[in-house]
Amino acid sequence: MKENYLAKWLNNELSEAELAAFKETAEYATYKKIVDASARIEGPAYDSAKAYKNLQARLAAKQTETPGKGKVINMKPVRKLMKIAAAIVLLIAVSFWFANSQDETVSTLYAESTTHTLPDASEIILNAGSEISYSKKKWNKERVVSLEGEAFFKVAKGEKFSVDTDLGEVWVLGTQFNVEQRGDYFEVSCYEGLVRVIFDGVEKELPAGSSFLAINGKIIPVEGPVTDGPSWLNQESSFKSIPLKYVLEEFERQFNIDVETRDVDLNQLFTGTFSNTNKELALQSISSPSRLTYDLDGENVIFYAEETP
Amino acid sequence: MNIENHDNVCKEEVFSFLFNAHSKAIFRSIFYKYGNEEKAYDVVQEAFVKLWEHCAKVTPGKAKSYVYTIANNNYLNVLKAEKVRLKYNNSGLENDRTQESPEYLMEEKEFQQKLDNALNSLPENQRQTFLMNRVEGKKYAEIADLEGVSVKAIEKRMHLALKTLRETIDGI
């Protein structure tokens, strides 16, 4: 017989002679029975559509698990946590970006002073009732600080550093200086290095130990500071031939108090120093050289000319 | 649809077409080989999950043998072969041949039992080949393709299967 003749027989590949010979064998009857009986075998039920739905459910379930890992761990609670974490990260990122893109602003209230360090380690000490702002983002490109009020600068060495005020601009190269601009009052004092003041289109260079003062648009020649820094850094306010008006305003800022005056000449010049911490002492320091009297009533103080009854 | 135009099986229509075309044959093939219907169903489902996960790496033409190989391997790795519990459609015997004597029907039942036992004692590959051909009507070439062997090897399996069945049943 041919090789694998049983397989050939099932596949109807035997020749008539071969088939006839096969049928003659003793085993043929059983082979025939096996084939007949196996024809009645039914495969297990299988519904492709249903199985496909099952598969889709499996795939959907798989998506909420980590793929690839042998162990099946329900990641749902973790995913929820991850979502919250992602939201927080996004919020922080957005606010960080927002804060970064916004100008950095530091301000002091009355009776308050603060020290602020700039990105290049330059230091700004703000006197009472002042505000500075600058762009943190652009700081590396241009060191520009906008100032309203009064501040003392210790500038780190580097490129041009400038202070913008409503009245004038101050340029520096690694130095310590004080800038005060309040209303129509503009004063710059240089304690170290070199400062260039641009006021009313005019540039003026201030070496260490000199000051620039302009009141009401008029440049007033002043002597330079003799100290290492402005007096307010030592909790004092010093004035040299400054109209009383600005002295009283400074007093208001240092003690967060309302000042009223009766028959007082606010243009008289004041030279002297008052304490920024002791109110009674400061009042005396201002009133006696100016020949004034005062009434202190909590948050209000009224100055009178001494002649007034 | 002409699924051979696709490079992979990541399109759902390609994937579902392949599933409908092949999942039944693969399922039954696995079942005939290893005997447990439930587990066979499960490994085939998992194998299709794998196919979906690696859809980009498999062409439509390779998908069937890919799924079959994975299902087969998974079954081998995880599960032990069990007895094949086959069902017989005996309605033909009982209804159409009412003239047959109860003795004849009894004999038929007995023979089915013997065939079942004989099938269970067959080597896995022979049982699978035999049932795929006899029950599913798959050609030798198709079975050879699925198993990844030559047609001649399938013929050999078929020949040996029938020979062994006959010898078991006749009690040699």
# chains A, B, ... in the order shown; residues from 1 in each chain; ligands from 1

call {"tool": "interface_residues", "arguments": {"of": "chain A", "to": "chain B", "cutoff": "10 Å", "atoms": "only C-alpha atoms", "output": "VMD selection string"}}
result
chain A and resid 3 to 11 27 to 49 51 to 52 54 to 56 58 to 59 62 67 to 68

call {"tool": "residues_around", "arguments": {"residues": "Thr115 in chain A", "least_positions_apart": "6", "cutoff": "9 Å", "atoms": "only C-alpha atoms", "output": "ChimeraX atom specification"}}
result
/A:123-126

call {"tool": "atom_distance", "arguments": {"atom1": "CA of Ala21 in chain A", "atom2": "CA of Val151 in chain B"}}
result
25.0 Å

call {"tool": "closest_residue", "arguments": {"among": "A:Asn127, A:Asn140, A:Ser210, A:Thr105", "to": "Glu223 in chain A", "atoms": "only C-alpha atoms"}}
result
A:Ser210

call {"tool": "select_by_dssp", "arguments": {"residues": "range 56-284 of chain A", "states": "alpha helix (DSSP H)", "output": "MDAnalysis selection string"}}
result
chainID A and resid 56:63 76:101 244:255 279:284

call {"tool": "select_by_dssp", "arguments": {"residues": "range 68-295 of chain A", "states": "strand (DSSP E or B)", "output": "MDAnalysis selection string"}}
result
chainID A and resid 103:107 114:117 123:126 131:135 143:154 161:164 168:182 185:199 202:207 210:215 218:220 236:243 258:262 269:275 292:295

call {"tool": "residues_around", "arguments": {"residues": "Val9 in chain B", "least_positions_apart": "2", "cutoff": "7 Å", "atoms": "only C-alpha atoms", "output": "JSON, numbers by chain"}}
result
{"B": [11, 14, 15, 55, 56, 58, 59, 60]}

call {"tool": "atom_distance", "arguments": {"atom1": "CA of Tyr134 in chain A", "atom2": "CA of Val247 in chain A"}}
result
28.5 Å

call {"tool": "residues_around", "arguments": {"residues": "Val43 in chain B", "least_positions_apart": "4", "cutoff": "8 Å", "atoms": "only C-alpha atoms", "output": "list of chain:residue names"}}
result
B:Lys39, B:Ala47, B:Ala71, B:Asn72, B:Asn74, B:Tyr75

call {"tool": "write_last_selection", "arguments": {"atoms": "N, CA, C and O atoms", "output": "mmCIF file, in the first residue's frame"}}
result
data_model
loop_
_atom_site.group_PDB
_atom_site.id
_atom_site.type_symbol
_atom_site.label_atom_id
_atom_site.label_comp_id
_atom_site.auth_asym_id
_atom_site.auth_seq_id
_atom_site.Cartn_x
_atom_site.Cartn_y
_atom_site.Cartn_z
ATOM 1 N N LYS B 39 -11.146 26.792 28.484
ATOM 2 C CA LYS B 39 -9.777 27.298 28.443
ATOM 3 C C LYS B 39 -9.342 27.609 27.012
ATOM 4 O O LYS B 39 -8.591 28.560 26.777
ATOM 5 N N ALA B 47 -5.109 35.536 22.937
ATOM 6 C CA ALA B 47 -4.210 35.615 21.783
ATOM 7 C C ALA B 47 -4.621 36.766 20.853
ATOM 8 O O ALA B 47 -3.769 37.473 20.308
ATOM 9 N N ALA B 71 -1.850 31.283 21.056
ATOM 10 C CA ALA B 71 -2.844 30.515 21.813
ATOM 11 C C ALA B 71 -2.271 29.149 22.176
ATOM 12 O O ALA B 71 -2.389 28.677 23.311
ATOM 13 N N ASN B 72 -1.638 28.531 21.217
ATOM 14 C CA ASN B 72 -1.036 27.223 21.410
ATOM 15 C C ASN B 72 0.043 27.265 22.493
ATOM 16 O O ASN B 72 0.058 26.459 23.420
ATOM 17 N N ASN B 74 0.453 29.542 24.829
ATOM 18 C CA ASN B 74 -0.136 29.856 26.120
ATOM 19 C C ASN B 74 -0.750 28.617 26.741
ATOM 20 O O ASN B 74 -0.647 28.387 27.933
ATOM 21 N N TYR B 75 -1.399 27.844 25.881
ATOM 22 C CA TYR B 75 -2.032 26.638 26.404
ATOM 23 C C TYR B 75 -0.960 25.689 26.922
ATOM 24 O O TYR B 75 -1.065 25.133 28.003
#

call {"tool": "residues_around", "arguments": {"residues": "Val222 in chain A", "least_positions_apart": "4", "cutoff": "8 Å", "atoms": "only C-alpha atoms", "output": "PyMOL selection string"}}
result
chain A and resi 211-213

call {"tool": "closest_residue", "arguments": {"among": "A:Lys83, A:Lys50, A:Arg253, A:Lys279", "to": "Thr108 in chain A", "atoms": "only C-alpha atoms"}}
result
A:Arg253
